[in-house]
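A.B. asks: Supplied structure: structure21.txt, compact mmCIF, C-alpha atoms.
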# COMPACT_ATOMS: atom_id res chain seq x y z
CA MET A 1 227.11 152.26 78.58
CA LYS A 2 224.00 151.62 76.48
CA VAL A 3 220.59 151.38 78.12
CA VAL A 4 217.36 150.48 76.32
CA ILE A 5 214.24 151.89 78.00
CA ALA A 6 210.99 150.20 76.95
CA PRO A 7 208.13 150.71 79.42
CA ASP A 8 204.37 150.53 79.01
CA SER A 9 202.21 153.36 80.32
CA PHE A 10 201.35 153.71 84.00
CA LYS A 11 197.61 153.91 83.38
CA GLY A 12 195.93 156.87 85.02
CA SER A 13 199.25 158.48 85.78
CA LEU A 14 201.86 158.69 82.98
CA SER A 15 201.99 157.80 79.31
CA ALA A 16 204.61 155.34 78.12
CA GLN A 17 206.54 158.28 76.66
CA ALA A 18 206.57 160.11 80.00
CA VAL A 19 207.60 156.96 81.86
CA ALA A 20 210.49 156.44 79.44
CA GLY A 21 211.55 160.06 79.94
CA ALA A 22 211.59 159.68 83.72
CA MET A 23 213.63 156.48 83.48
CA ALA A 24 216.11 158.18 81.16
CA GLU A 25 216.50 161.04 83.64
CA GLY A 26 217.27 158.53 86.39
CA VAL A 27 219.97 156.85 84.30
CA ARG A 28 221.60 160.15 83.35
CA LYS A 29 221.77 161.35 86.94
CA VAL A 30 224.36 158.61 87.43
CA SER A 31 225.81 158.27 83.93
CA PRO A 32 225.38 161.52 81.94
CA CYS A 33 227.17 160.11 78.91
CA ALA A 34 225.15 156.87 78.69
CA ALA A 35 223.64 156.04 75.30
CA VAL A 36 219.95 155.84 76.14
CA GLU A 37 217.51 154.36 73.61
CA LEU A 38 213.87 155.22 74.35
CA VAL A 39 211.32 152.73 73.03
CA PRO A 40 208.01 153.46 74.81
CA ILE A 41 205.65 150.58 74.05
CA ALA A 42 202.11 149.28 74.29
CA ASP A 43 200.62 145.83 73.83
CA GLY A 44 197.83 146.80 71.44
CA GLY A 45 195.65 148.84 73.79
CA GLU A 46 195.47 152.56 74.37
CA GLY A 47 198.68 154.33 73.50
CA THR A 48 199.63 152.01 70.63
CA VAL A 49 199.37 154.75 67.99
CA ASP A 50 201.49 157.22 69.95
CA CYS A 51 204.10 154.59 70.79
CA LEU A 52 204.60 153.50 67.19
CA LEU A 53 204.63 157.07 65.91
CA ALA A 54 207.28 157.94 68.50
CA ALA A 55 209.39 154.91 67.63
CA ILE A 56 209.07 154.96 63.85
CA GLY A 57 207.86 158.40 62.87
CA GLY A 58 204.84 159.38 60.84
CA GLU A 59 201.72 161.49 61.16
CA LYS A 60 198.37 161.41 62.91
CA VAL A 61 195.14 161.74 60.91
CA GLU A 62 191.96 162.95 62.63
CA VAL A 63 188.58 161.70 61.44
CA GLN A 64 185.04 162.34 62.71
CA VAL A 65 183.31 158.99 63.27
CA HIS A 66 180.53 157.62 65.48
CA ASP A 67 181.10 156.49 69.04
CA PRO A 68 179.57 153.24 70.42
CA LEU A 69 176.21 154.97 70.90
CA GLY A 70 176.15 156.59 67.46
CA ARG A 71 177.23 160.09 68.50
CA PRO A 72 179.84 162.06 66.52
CA VAL A 73 183.34 161.85 67.98
CA LEU A 74 186.74 163.01 66.73
CA ALA A 75 188.99 159.95 66.46
CA HIS A 76 192.35 159.38 64.81
CA TYR A 77 194.76 156.87 63.35
CA GLY A 78 198.47 157.02 62.62
CA ILE A 79 200.30 156.64 59.32
CA LEU A 80 203.79 155.35 60.04
CA LYS A 81 206.76 156.53 58.02
CA HIS A 82 206.76 153.33 55.97
CA GLY A 83 203.06 153.69 55.12
CA THR A 84 201.39 151.31 57.55
CA VAL A 85 198.23 152.55 59.25
CA VAL A 86 198.10 151.97 63.01
CA LEU A 87 194.69 152.23 64.61
CA GLU A 88 193.27 151.77 68.11
CA VAL A 89 189.76 150.43 68.63
CA ALA A 90 189.52 152.45 71.85
CA VAL A 91 189.46 155.85 70.10
CA ALA A 92 186.25 154.97 68.25
CA ALA A 93 184.60 152.29 70.39
CA GLY A 94 186.31 152.61 73.77
CA LEU A 95 185.05 152.63 77.34
CA GLY A 96 186.44 156.12 77.78
CA LEU A 97 183.91 157.51 75.30
CA ILE A 98 180.83 156.72 77.39
CA SER A 99 180.00 157.25 81.04
CA ASP A 100 178.98 154.46 83.41
CA GLY A 101 175.35 155.58 83.28
CA GLU A 102 175.26 155.50 79.48
CA ARG A 103 176.46 151.95 78.97
CA ASP A 104 174.03 150.04 76.75
CA VAL A 105 175.70 146.88 75.50
CA LEU A 106 172.59 145.62 73.72
CA HIS A 107 172.86 148.48 71.25
CA ALA A 108 176.44 149.82 71.42
CA ASN A 109 178.45 148.95 68.35
CA THR A 110 181.83 149.31 66.61
CA ALA A 111 180.73 151.39 63.61
CA GLY A 112 183.40 154.01 64.33
CA VAL A 113 186.15 151.43 63.90
CA GLY A 114 184.85 150.56 60.45
CA GLU A 115 184.62 154.24 59.55
CA LEU A 116 188.29 154.76 60.49
CA ILE A 117 189.35 151.78 58.38
CA ALA A 118 187.22 152.97 55.44
CA HIS A 119 188.79 156.45 55.64
CA ALA A 120 192.29 154.95 55.44
CA LEU A 121 191.28 152.62 52.58
CA ASP A 122 189.83 155.58 50.65
CA ALA A 123 193.19 157.32 51.08
CA GLY A 124 194.89 154.37 49.37
CA ARG A 125 196.29 152.67 52.49
CA THR A 126 196.51 148.88 52.39
CA SER A 127 198.69 147.90 55.36
CA PHE A 128 197.06 147.99 58.80
CA VAL A 129 198.05 147.34 62.40
CA ILE A 130 195.00 147.41 64.67
CA GLY A 131 195.03 147.35 68.48
CA LEU A 132 191.96 145.80 70.08
CA GLY A 133 192.28 146.93 73.70
CA GLY A 134 189.77 149.02 75.65
CA SER A 135 186.51 148.40 73.78
CA ALA A 136 183.13 149.27 75.25
CA THR A 137 181.23 146.95 72.91
CA ASN A 138 180.03 143.35 72.74
CA ASP A 139 178.78 143.29 69.15
CA ALA A 140 181.08 140.70 67.47
CA GLY A 141 182.21 143.52 65.17
CA ILE A 142 178.85 143.77 63.42
CA GLY A 143 178.99 147.59 63.60
CA MET A 144 182.44 147.70 62.03
CA LEU A 145 181.43 145.28 59.27
CA HIS A 146 178.28 147.30 58.51
CA ALA A 147 180.31 150.52 58.22
CA LEU A 148 182.55 148.72 55.71
CA GLY A 149 179.59 147.65 53.58
CA ALA A 150 178.36 144.31 54.96
CA ARG A 151 174.61 143.85 55.37
CA PHE A 152 172.66 141.60 57.73
CA TYR A 153 169.27 139.97 57.29
CA ASP A 154 166.76 137.96 59.29
CA VAL A 155 165.12 134.72 58.17
CA GLU A 156 162.47 136.63 56.23
CA GLY A 157 165.02 138.72 54.34
CA ARG A 158 164.51 141.93 56.29
CA GLU A 159 167.64 144.00 56.87
CA LEU A 160 168.80 144.19 60.47
CA PRO A 161 170.50 147.09 62.26
CA PRO A 162 174.15 146.49 63.26
CA THR A 163 173.57 145.89 66.97
CA PRO A 164 174.20 142.94 69.32
CA GLU A 165 170.47 142.63 69.91
CA ALA A 166 169.88 142.19 66.17
CA CYS A 167 172.36 139.30 66.09
CA LEU A 168 169.76 137.19 67.87
CA ARG A 169 167.66 137.30 64.67
CA LEU A 170 170.56 137.06 62.22
CA ALA A 171 170.07 134.54 59.42
CA HIS A 172 172.29 135.79 56.59
CA ILE A 173 175.39 137.96 56.07
CA ASP A 174 175.96 139.64 52.71
CA THR A 175 179.59 140.74 52.27
CA LYS A 176 179.44 141.45 48.52
CA GLY A 177 179.13 145.19 49.14
CA MET A 178 182.12 145.50 51.44
CA HIS A 179 184.79 148.06 50.64
CA PRO A 180 186.50 146.83 47.45
CA LYS A 181 189.98 147.84 48.63
CA LEU A 182 189.75 145.34 51.49
CA ASN A 183 190.73 142.67 48.97
CA ASP A 184 194.18 144.29 48.68
CA ALA A 185 194.61 145.05 52.37
CA THR A 186 196.91 143.32 54.83
CA ILE A 187 195.50 143.57 58.35
CA ARG A 188 197.38 142.49 61.45
CA VAL A 189 195.46 142.64 64.69
CA ALA A 190 197.25 143.18 67.98
CA CYS A 191 195.44 140.87 70.39
CA ASP A 192 196.64 140.02 73.90
CA VAL A 193 193.96 137.45 74.76
CA SER A 194 193.11 134.02 73.37
CA ASN A 195 189.49 133.80 74.57
CA PRO A 196 186.93 132.08 72.35
CA LEU A 197 183.84 133.97 71.26
CA CYS A 198 181.29 132.35 73.59
CA GLY A 199 180.93 130.29 76.74
CA PRO A 200 182.37 130.69 80.25
CA LEU A 201 185.70 131.92 78.85
CA GLY A 202 184.14 133.96 76.04
CA ALA A 203 183.83 137.67 75.33
CA THR A 204 180.61 138.25 77.26
CA ALA A 205 181.34 136.21 80.38
CA VAL A 206 184.91 137.42 80.90
CA TYR A 207 184.92 141.00 79.67
CA GLY A 208 181.23 141.90 79.56
CA PRO A 209 180.78 142.96 83.20
CA GLN A 210 183.24 145.85 82.88
CA LYS A 211 181.20 147.09 79.90
CA GLY A 212 177.89 146.99 81.74
CA VAL A 213 176.76 143.42 81.08
CA THR A 214 174.51 142.43 83.98
CA PRO A 215 173.85 138.78 84.97
CA ASP A 216 170.44 138.82 83.25
CA LEU A 217 171.95 140.14 80.00
CA LEU A 218 174.86 137.71 79.94
CA PRO A 219 173.04 134.70 78.41
CA ILE A 220 171.25 136.97 75.90
CA LEU A 221 174.45 138.55 74.61
CA ASP A 222 176.31 135.25 74.63
CA LYS A 223 173.53 133.74 72.52
CA ALA A 224 173.72 136.71 70.13
CA LEU A 225 177.44 136.12 69.57
CA GLU A 226 176.82 132.41 69.10
CA GLN A 227 174.19 133.12 66.46
CA PHE A 228 176.60 135.46 64.66
CA ALA A 229 179.28 132.74 64.69
CA MET A 230 176.88 130.13 63.29
CA VAL A 231 175.93 132.37 60.38
CA VAL A 232 179.55 133.30 59.64
CA GLN A 233 180.48 129.63 59.51
CA ARG A 234 177.59 128.79 57.20
CA ASP A 235 177.79 131.82 54.88
CA LEU A 236 181.55 132.45 54.89
CA ASP A 237 182.86 128.99 55.78
CA PHE A 238 184.97 130.19 58.71
CA PRO A 239 184.61 128.66 62.23
CA ILE A 240 185.02 131.64 64.56
CA LEU A 241 183.16 130.16 67.53
CA ASP A 242 186.27 128.56 69.04
CA PHE A 243 188.86 130.50 67.07
CA PRO A 244 191.57 131.69 69.53
CA GLY A 245 191.23 135.42 70.08
CA SER A 246 187.75 135.65 68.57
CA GLY A 247 186.46 136.81 71.96
CA ALA A 248 188.81 139.81 72.08
CA ALA A 249 187.16 143.25 72.22
CA GLY A 250 183.63 141.93 72.54
CA GLY A 251 183.98 139.56 69.58
CA LEU A 252 185.74 142.05 67.31
CA GLY A 253 188.58 139.54 67.04
CA GLY A 254 186.14 137.10 65.45
CA ALA A 255 184.99 139.65 62.88
CA PHE A 256 188.55 140.49 61.91
CA GLY A 257 189.67 136.88 61.70
CA GLY A 258 186.58 135.26 60.26
CA VAL A 259 185.08 137.90 57.98
CA MET A 260 188.03 140.15 57.07
CA LYS A 261 190.64 137.36 57.07
CA ALA A 262 192.99 139.42 59.25
CA GLU A 263 195.93 137.88 61.09
CA LEU A 264 195.51 137.89 64.88
CA VAL A 265 198.88 138.08 66.61
CA GLN A 266 200.19 138.64 70.14
CA GLY A 267 199.97 142.40 70.63
CA ILE A 268 203.35 143.00 72.21
CA ASP A 269 205.12 140.83 69.61
CA LEU A 270 203.58 142.84 66.80
CA ILE A 271 204.53 146.17 68.41
CA LEU A 272 208.11 145.11 69.11
CA GLN A 273 208.45 143.81 65.56
CA GLU A 274 207.23 147.13 64.13
CA CYS A 275 209.70 149.00 66.37
CA ALA A 276 212.63 146.78 65.24
CA PHE A 277 213.23 146.16 68.94
CA ASP A 278 215.67 143.28 68.44
CA THR A 279 217.97 145.59 66.50
CA THR A 280 217.75 148.26 69.20
CA LEU A 281 218.82 145.71 71.81
CA VAL A 282 222.16 144.95 70.15
CA ASP A 283 225.08 145.87 72.47
CA ALA A 284 222.76 147.05 75.28
CA ASP A 285 224.14 146.73 78.81
CA PHE A 286 220.70 146.46 80.38
CA VAL A 287 217.02 147.08 79.69
CA LEU A 288 214.50 149.03 81.77
CA THR A 289 210.82 148.23 81.43
CA GLY A 290 207.74 148.55 83.64
CA GLU A 291 204.01 149.19 83.93
CA GLY A 292 201.50 150.57 86.38
CA LYS A 293 201.09 147.25 88.19
CA THR A 294 203.03 144.06 87.62
CA ASP A 295 200.99 141.03 88.67
CA SER A 296 200.14 137.47 87.65
CA GLN A 297 198.60 138.69 84.38
CA THR A 298 201.87 140.26 83.21
CA VAL A 299 203.31 136.89 82.27
CA HIS A 300 200.44 136.24 79.85
CA GLY A 301 201.58 138.28 76.87
CA LYS A 302 201.79 141.73 78.43
CA ALA A 303 204.38 144.33 77.46
CA VAL A 304 206.89 143.60 80.23
CA GLN A 305 206.98 139.90 79.41
CA GLY A 306 207.45 140.55 75.70
CA VAL A 307 210.36 142.93 76.31
CA ALA A 308 212.02 140.52 78.76
CA MET A 309 211.80 137.53 76.43
CA ARG A 310 213.40 139.47 73.56
CA ALA A 311 216.22 140.67 75.82
CA LYS A 312 216.75 137.19 77.25
CA LEU A 313 217.53 135.86 73.77
CA GLN A 314 220.45 138.28 73.63
CA GLY A 315 221.58 137.68 77.23
CA ILE A 316 220.76 141.21 78.41
CA PRO A 317 219.64 141.93 82.01
CA VAL A 318 216.12 143.36 82.39
CA PHE A 319 214.97 145.48 85.33
CA CYS A 320 211.21 145.89 85.68
CA VAL A 321 210.30 149.12 87.50
CA SER A 322 206.56 149.39 88.17
CA GLY A 323 204.12 151.37 90.25
CA ALA A 324 203.35 148.22 92.23
CA VAL A 325 204.55 144.63 92.20
CA ALA A 326 202.00 142.05 93.34
CA GLU A 327 202.35 138.43 94.37
CA GLY A 328 202.46 135.75 91.68
CA THR A 329 205.14 137.35 89.53
CA ASN A 330 207.95 134.79 89.96
CA GLU A 331 207.32 133.35 86.49
CA LEU A 332 208.67 136.60 85.05
CA TYR A 333 212.17 135.59 86.15
CA GLU A 334 211.95 132.62 83.79
CA CYS A 335 210.85 134.99 81.02
CA GLY A 336 214.01 137.07 81.34
CA VAL A 337 213.28 139.63 84.05
CA THR A 338 216.39 139.96 86.23
CA ALA A 339 214.74 141.88 89.10
CA LEU A 340 211.41 143.51 89.96
CA PHE A 341 211.13 146.90 91.65
CA SER A 342 208.22 148.93 92.98
CA ILE A 343 208.75 152.68 92.85
CA THR A 344 206.66 153.39 95.95
CA PRO A 345 209.01 154.63 98.70
CA GLY A 346 206.82 153.63 101.63
CA PRO A 347 203.25 153.78 102.95
CA VAL A 348 201.63 156.49 100.82
CA SER A 349 198.10 157.07 99.57
CA LEU A 350 197.12 156.11 96.05
CA VAL A 351 196.55 159.77 95.19
CA GLU A 352 200.00 160.76 96.44
CA SER A 353 201.61 157.87 94.60
CA MET A 354 199.86 158.74 91.32
CA ASN A 355 200.80 162.41 91.63
CA SER A 356 204.45 161.60 92.34
CA THR A 357 205.00 158.83 89.80
CA TYR A 358 207.54 160.77 87.75
CA GLU A 359 209.71 161.65 90.74
CA TYR A 360 209.48 158.11 92.15
CA LEU A 361 210.56 156.67 88.80
CA VAL A 362 213.59 158.96 88.53
CA ARG A 363 214.72 158.08 92.05
CA SER A 364 214.20 154.32 91.59
CA VAL A 365 216.03 154.16 88.27
CA GLU A 366 218.88 156.28 89.63
CA ASN A 367 219.40 153.72 92.40
CA ILE A 368 219.11 150.76 90.01
CA THR A 369 221.75 152.32 87.76
CA ARG A 370 224.06 152.89 90.72
CA VAL A 371 223.75 149.27 91.80
CA TYR A 372 224.31 148.03 88.25
CA LEU A 373 227.49 150.10 87.84
CA ALA A 374 228.78 149.06 91.25
CA GLY A 375 228.29 145.42 90.36
CA ARG A 376 229.98 145.82 87.00
CA HIS A 377 233.05 147.42 88.54
Let's see the structure in the file written out as structure tokens.
C.D. replies:
Amino acid sequence: MKVVIAPDSFKGSLSAQAVAGAMAEGVRKVSPCAAVELVPIADGGEGTVDCLLAAIGGEKVEVQVHDPLGRPVLAHYGILKHGTVVLEVAVAAGLGLISDGERDVLHANTAGVGELIAHALDAGRTSFVIGLGGSATNDAGIGMLHALGARFYDVEGRELPPTPEACLRLAHIDTKGMHPKLNDATIRVACDVSNPLCGPLGATAVYGPQKGVTPDLLPILDKALEQFAMVVQRDLDFPILDFPGSGAAGGLGGAFGGVMKAELVQGIDLILQECAFDTTLVDADFVLTGEGKTDSQTVHGKAVQGVAMRAKLQGIPVFCVSGAVAEGTNELYECGVTALFSITPGPVSLVESMNSTYEYLVRSVENITRVYLAGRH
């Protein structure tokens, strides 16, 4: 029997690698000789570097950069065995780097992301995979662009600092001084949202509140992103205002697509492609996947949906084993999920459930494997 195990992380509890290990233990309790292929995954957010390094091999490079508030922080990127750099925005501009009381979205920027990219470019790297999830910023990527050599000016020709607040006065973008090796770089951006830059479905309105955007700041920041988009369209002839995905990561998607000419792709599709997932699926009897909580958002390009759709093309059953399964998940059956399972054994507290995730996973997967084998025989 061959089983492919491809879960996302259970956020706050277990990494994708640990989840995959628990699932494998559950399978082997029933079928010790099963061929188990572990492919821990991510959809472009936190954990993307570790997942691709585990699946493909490579090394991690640590670099001191600046966090969203300009403080030194030790970040990293991965160099995969075939030479591609994989980088997470969250390690340099993520919510986890600042406390709730420190959040200052008018001034926080993505400079650290640009510094990571510049470090890899200086090392001769030209192929990039960049995950956008988990940002703490709403700066349209102005910090990243500045760190890569772009400069910003007001209507009187005075240089502006790379902050969201400065975007309100932006009149001109000069990209002539950007890192020369960008011209030879191929950048693919793992993006799991299609939000435009501005408006009721834009970066500020939808994702701003979790970053500290208050109701009074919302129209100010939205206007700042709109001004940035207008100048990009005029100076660089690229319409990022309504470009799908431009609102990802506080407008960082717009900077990548409009200024750096990167390709924005569905995060999970990019990750599965890099992992050669379709090849791994060949001759599999069934697939195990899962996440911390499976809900109505899962069907919109999350890891579980991506895994299920790939397996469906090869006619392979998919069992989704998650920490919790909410209402509104029936569409996943059409995507290729055969059955949904929650690992929680009964009424338990959140703390108890989080502390026992590994054991619950082993037990649940053991039972799923028993049922599968009974049905096959």
A.B. asks: Please report, as a Markdown table, each residue of segment 50-138 of chain A lying at most 10 Å from segment 169-180 of chain A, together with the nearest pair of atoms and the separation in Å rounded to one decimal; use only C-alpha atoms, and order rows by chain and ascending residue number.
C.D. replies:
| residue | atom | partner | partner_atom | distance |
| --- | --- | --- | --- | --- |
| A:Ile117 | CA | A:His179 | CA | 9.7 |
| A:Ala118 | CA | A:His179 | CA | 7.3 |
| A:Leu121 | CA | A:His179 | CA | 8.2 |
| A:Asp122 | CA | A:His179 | CA | 9.1 |
A.B. asks: For the atom pair atom CA of Ser135 of chain A and atom CA of Asn109 of chain A, what is the interatomic distance in Å to one decimal place?
C.D. replies: 9.7 Å
A.B. asks: Would you mind reading off the distance between atom CA of Gly208 of chain A and atom CA of Asn138 of chain A, one decimal, in Å?
C.D. replies: 7.1 Å
A.B. asks: Given the choices A:Gly336, A:Gly323, A:Gly254, A:Gly157, which gets closest to Val304 of chain A if the distance is worked out from all atoms listed in the file?
C.D. replies: A:Gly336
A.B. asks: Kindly provide, as a PyMOL selection string, the polymer residues lying within 6 Å of (168.8, 145.6, 69.5), counting only C-alpha atoms and using the coordinates exactly as they appear in the file.
C.D. replies: chain A and resi 106-107+163+165-166
A.B. asks: Between A:Glu37, A:Val325, A:Ala20, A:Leu340, which is the closest to Val282 of chain A once you count only C-alpha atoms?
C.D. replies: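 Nearest to Val282 of chain A: A:Glu37.
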A.B. asks: Residues near segment 126-134 of chain A, anyone? I mean within 10 Å using all atoms listed in the file, not counting same-chain ones fewer than 4 positions away, as a PDB file with C-alpha atoms, in the frame of the given file.
C.D. replies:
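Result written to selection.pdb:
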ATOM      1  CA  ALA A  42     202.110 149.280  74.290  1.00  0.00           C
ATOM      2  CA  ASP A  43     200.620 145.830  73.830  1.00  0.00           C
ATOM      3  CA  GLY A  44     197.830 146.800  71.440  1.00  0.00           C
ATOM      4  CA  GLY A  45     195.650 148.840  73.790  1.00  0.00           C
ATOM      5  CA  GLU A  46     195.470 152.560  74.370  1.00  0.00           C
ATOM      6  CA  GLY A  47     198.680 154.330  73.500  1.00  0.00           C
ATOM      7  CA  THR A  48     199.630 152.010  70.630  1.00  0.00           C
ATOM      8  CA  VAL A  49     199.370 154.750  67.990  1.00  0.00           C
ATOM      9  CA  TYR A  77     194.760 156.870  63.350  1.00  0.00           C
ATOM     10  CA  GLY A  78     198.470 157.020  62.620  1.00  0.00           C
ATOM     11  CA  ILE A  79     200.300 156.640  59.320  1.00  0.00           C
ATOM     12  CA  HIS A  82     206.760 153.330  55.970  1.00  0.00           C
ATOM     13  CA  GLY A  83     203.060 153.690  55.120  1.00  0.00           C
ATOM     14  CA  THR A  84     201.390 151.310  57.550  1.00  0.00           C
ATOM     15  CA  VAL A  85     198.230 152.550  59.250  1.00  0.00           C
ATOM     16  CA  VAL A  86     198.100 151.970  63.010  1.00  0.00           C
ATOM     17  CA  LEU A  87     194.690 152.230  64.610  1.00  0.00           C
ATOM     18  CA  GLU A  88     193.270 151.770  68.110  1.00  0.00           C
ATOM     19  CA  VAL A  89     189.760 150.430  68.630  1.00  0.00           C
ATOM     20  CA  ALA A  90     189.520 152.450  71.850  1.00  0.00           C
ATOM     21  CA  VAL A  91     189.460 155.850  70.100  1.00  0.00           C
ATOM     22  CA  ALA A  93     184.600 152.290  70.390  1.00  0.00           C
ATOM     23  CA  GLY A  94     186.310 152.610  73.770  1.00  0.00           C
ATOM     24  CA  LEU A  95     185.050 152.630  77.340  1.00  0.00           C
ATOM     25  CA  GLY A  96     186.440 156.120  77.780  1.00  0.00           C
ATOM     26  CA  VAL A 113     186.150 151.430  63.900  1.00  0.00           C
ATOM     27  CA  ILE A 117     189.350 151.780  58.380  1.00  0.00           C
ATOM     28  CA  ALA A 120     192.290 154.950  55.440  1.00  0.00           C
ATOM     29  CA  LEU A 121     191.280 152.620  52.580  1.00  0.00           C
ATOM     30  CA  ASP A 122     189.830 155.580  50.650  1.00  0.00           C
ATOM     31  CA  LYS A 181     189.980 147.840  48.630  1.00  0.00           C
ATOM     32  CA  LEU A 182     189.750 145.340  51.490  1.00  0.00           C
ATOM     33  CA  ASN A 183     190.730 142.670  48.970  1.00  0.00           C
ATOM     34  CA  ASP A 184     194.180 144.290  48.680  1.00  0.00           C
ATOM     35  CA  ALA A 185     194.610 145.050  52.370  1.00  0.00           C
ATOM     36  CA  THR A 186     196.910 143.320  54.830  1.00  0.00           C
ATOM     37  CA  ILE A 187     195.500 143.570  58.350  1.00  0.00           C
ATOM     38  CA  ARG A 188     197.380 142.490  61.450  1.00  0.00           C
ATOM     39  CA  VAL A 189     195.460 142.640  64.690  1.00  0.00           C
ATOM     40  CA  ALA A 190     197.250 143.180  67.980  1.00  0.00           C
ATOM     41  CA  CYS A 191     195.440 140.870  70.390  1.00  0.00           C
ATOM     42  CA  ASP A 192     196.640 140.020  73.900  1.00  0.00           C
ATOM     43  CA  VAL A 193     193.960 137.450  74.760  1.00  0.00           C
ATOM     44  CA  LYS A 211     181.200 147.090  79.900  1.00  0.00           C
ATOM     45  CA  ALA A 248     188.810 139.810  72.080  1.00  0.00           C
ATOM     46  CA  ALA A 249     187.160 143.250  72.220  1.00  0.00           C
ATOM     47  CA  GLY A 250     183.630 141.930  72.540  1.00  0.00           C
ATOM     48  CA  LEU A 252     185.740 142.050  67.310  1.00  0.00           C
ATOM     49  CA  GLY A 253     188.580 139.540  67.040  1.00  0.00           C
ATOM     50  CA  PHE A 256     188.550 140.490  61.910  1.00  0.00           C
ATOM     51  CA  ALA A 262     192.990 139.420  59.250  1.00  0.00           C
ATOM     52  CA  GLU A 263     195.930 137.880  61.090  1.00  0.00           C
ATOM     53  CA  LEU A 264     195.510 137.890  64.880  1.00  0.00           C
ATOM     54  CA  GLY A 267     199.970 142.400  70.630  1.00  0.00           C
ATOM     55  CA  LEU A 270     203.580 142.840  66.800  1.00  0.00           C
ATOM     56  CA  ILE A 271     204.530 146.170  68.410  1.00  0.00           C
ATOM     57  CA  GLU A 274     207.230 147.130  64.130  1.00  0.00           C
TER      58      GLU A 274
END
A.B. asks: Atom CA of Phe277 of chain A and atom CA of Thr298 of chain A, how far apart in Å?
C.D. replies: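 Going from atom CA of Thr298 of chain A over to atom CA of Phe277 of chain A, I get 19.2 Å.
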A.B. asks: Give me, as a PDB file with C-alpha atoms, keeping the file's coordinate frame, all polymer residues having an atom no more than 10 Å from Val307 of chain A, counting all atoms listed in the file and skipping those fewer than 2 positions away in the same chain.
C.D. replies:
ATOM      1  CA  ILE A   5     214.240 151.890  78.000  1.00  0.00           C
ATOM      2  CA  ALA A   6     210.990 150.200  76.950  1.00  0.00           C
ATOM      3  CA  PRO A   7     208.130 150.710  79.420  1.00  0.00           C
ATOM      4  CA  ILE A  41     205.650 150.580  74.050  1.00  0.00           C
ATOM      5  CA  ILE A 268     203.350 143.000  72.210  1.00  0.00           C
ATOM      6  CA  ASP A 269     205.120 140.830  69.610  1.00  0.00           C
ATOM      7  CA  LEU A 272     208.110 145.110  69.110  1.00  0.00           C
ATOM      8  CA  PHE A 277     213.230 146.160  68.940  1.00  0.00           C
ATOM      9  CA  ASP A 278     215.670 143.280  68.440  1.00  0.00           C
ATOM     10  CA  LEU A 281     218.820 145.710  71.810  1.00  0.00           C
ATOM     11  CA  VAL A 287     217.020 147.080  79.690  1.00  0.00           C
ATOM     12  CA  LEU A 288     214.500 149.030  81.770  1.00  0.00           C
ATOM     13  CA  THR A 289     210.820 148.230  81.430  1.00  0.00           C
ATOM     14  CA  GLY A 290     207.740 148.550  83.640  1.00  0.00           C
ATOM     15  CA  GLY A 301     201.580 138.280  76.870  1.00  0.00           C
ATOM     16  CA  LYS A 302     201.790 141.730  78.430  1.00  0.00           C
ATOM     17  CA  ALA A 303     204.380 144.330  77.460  1.00  0.00           C
ATOM     18  CA  VAL A 304     206.890 143.600  80.230  1.00  0.00           C
ATOM     19  CA  GLN A 305     206.980 139.900  79.410  1.00  0.00           C
ATOM     20  CA  MET A 309     211.800 137.530  76.430  1.00  0.00           C
ATOM     21  CA  ARG A 310     213.400 139.470  73.560  1.00  0.00           C
ATOM     22  CA  ALA A 311     216.220 140.670  75.820  1.00  0.00           C
ATOM     23  CA  LYS A 312     216.750 137.190  77.250  1.00  0.00           C
ATOM     24  CA  VAL A 318     216.120 143.360  82.390  1.00  0.00           C
ATOM     25  CA  CYS A 320     211.210 145.890  85.680  1.00  0.00           C
ATOM     26  CA  CYS A 335     210.850 134.990  81.020  1.00  0.00           C
ATOM     27  CA  GLY A 336     214.010 137.070  81.340  1.00  0.00           C
ATOM     28  CA  VAL A 337     213.280 139.630  84.050  1.00  0.00           C
TER      29      VAL A 337
END
A.B. asks: Kindly indicate which residue among A:Ser9, A:Gly212, A:Ala55, A:Ser194 lies nearest to His300 of chain A, using only C-alpha atoms for the distances.
C.D. replies: A:Ser194
A.B. asks: So, with only C-alpha atoms as the atoms that count, which of A:Leu197, A:Val61, A:Ala203, A:Met230 lies closest to Pro244 of chain A?
C.D. replies: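 That would be A:Leu197, the residue with the smallest distance to Pro244 of chain A.
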A.B. asks: Extract, using only C-alpha atoms, all DNA, RNA and protein residues at most 9 Å from Leu145 of chain A, discarding same-chain residues fewer than 2 positions from it, and format them as a short mmCIF file (atom, residue, chain, number, x, y, z; two decimals) with C-alpha atoms, in the frame of the given file.
C.D. replies:
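Written output follows (out-v9.cif):
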data_model
loop_
_atom_site.label_atom_id
_atom_site.label_comp_id
_atom_site.auth_asym_id
_atom_site.auth_seq_id
_atom_site.Cartn_x
_atom_site.Cartn_y
_atom_site.Cartn_z
CA THR A 110 181.83 149.31 66.61
CA ALA A 111 180.73 151.39 63.61
CA GLY A 114 184.85 150.56 60.45
CA GLY A 141 182.21 143.52 65.17
CA ILE A 142 178.85 143.77 63.42
CA GLY A 143 178.99 147.59 63.60
CA ALA A 147 180.31 150.52 58.22
CA LEU A 148 182.55 148.72 55.71
CA GLY A 149 179.59 147.65 53.58
CA ALA A 150 178.36 144.31 54.96
CA ARG A 151 174.61 143.85 55.37
CA PRO A 162 174.15 146.49 63.26
CA THR A 175 179.59 140.74 52.27
CA MET A 178 182.12 145.50 51.44
CA ALA A 255 184.99 139.65 62.88
CA PHE A 256 188.55 140.49 61.91
CA VAL A 259 185.08 137.90 57.98
CA MET A 260 188.03 140.15 57.07
#
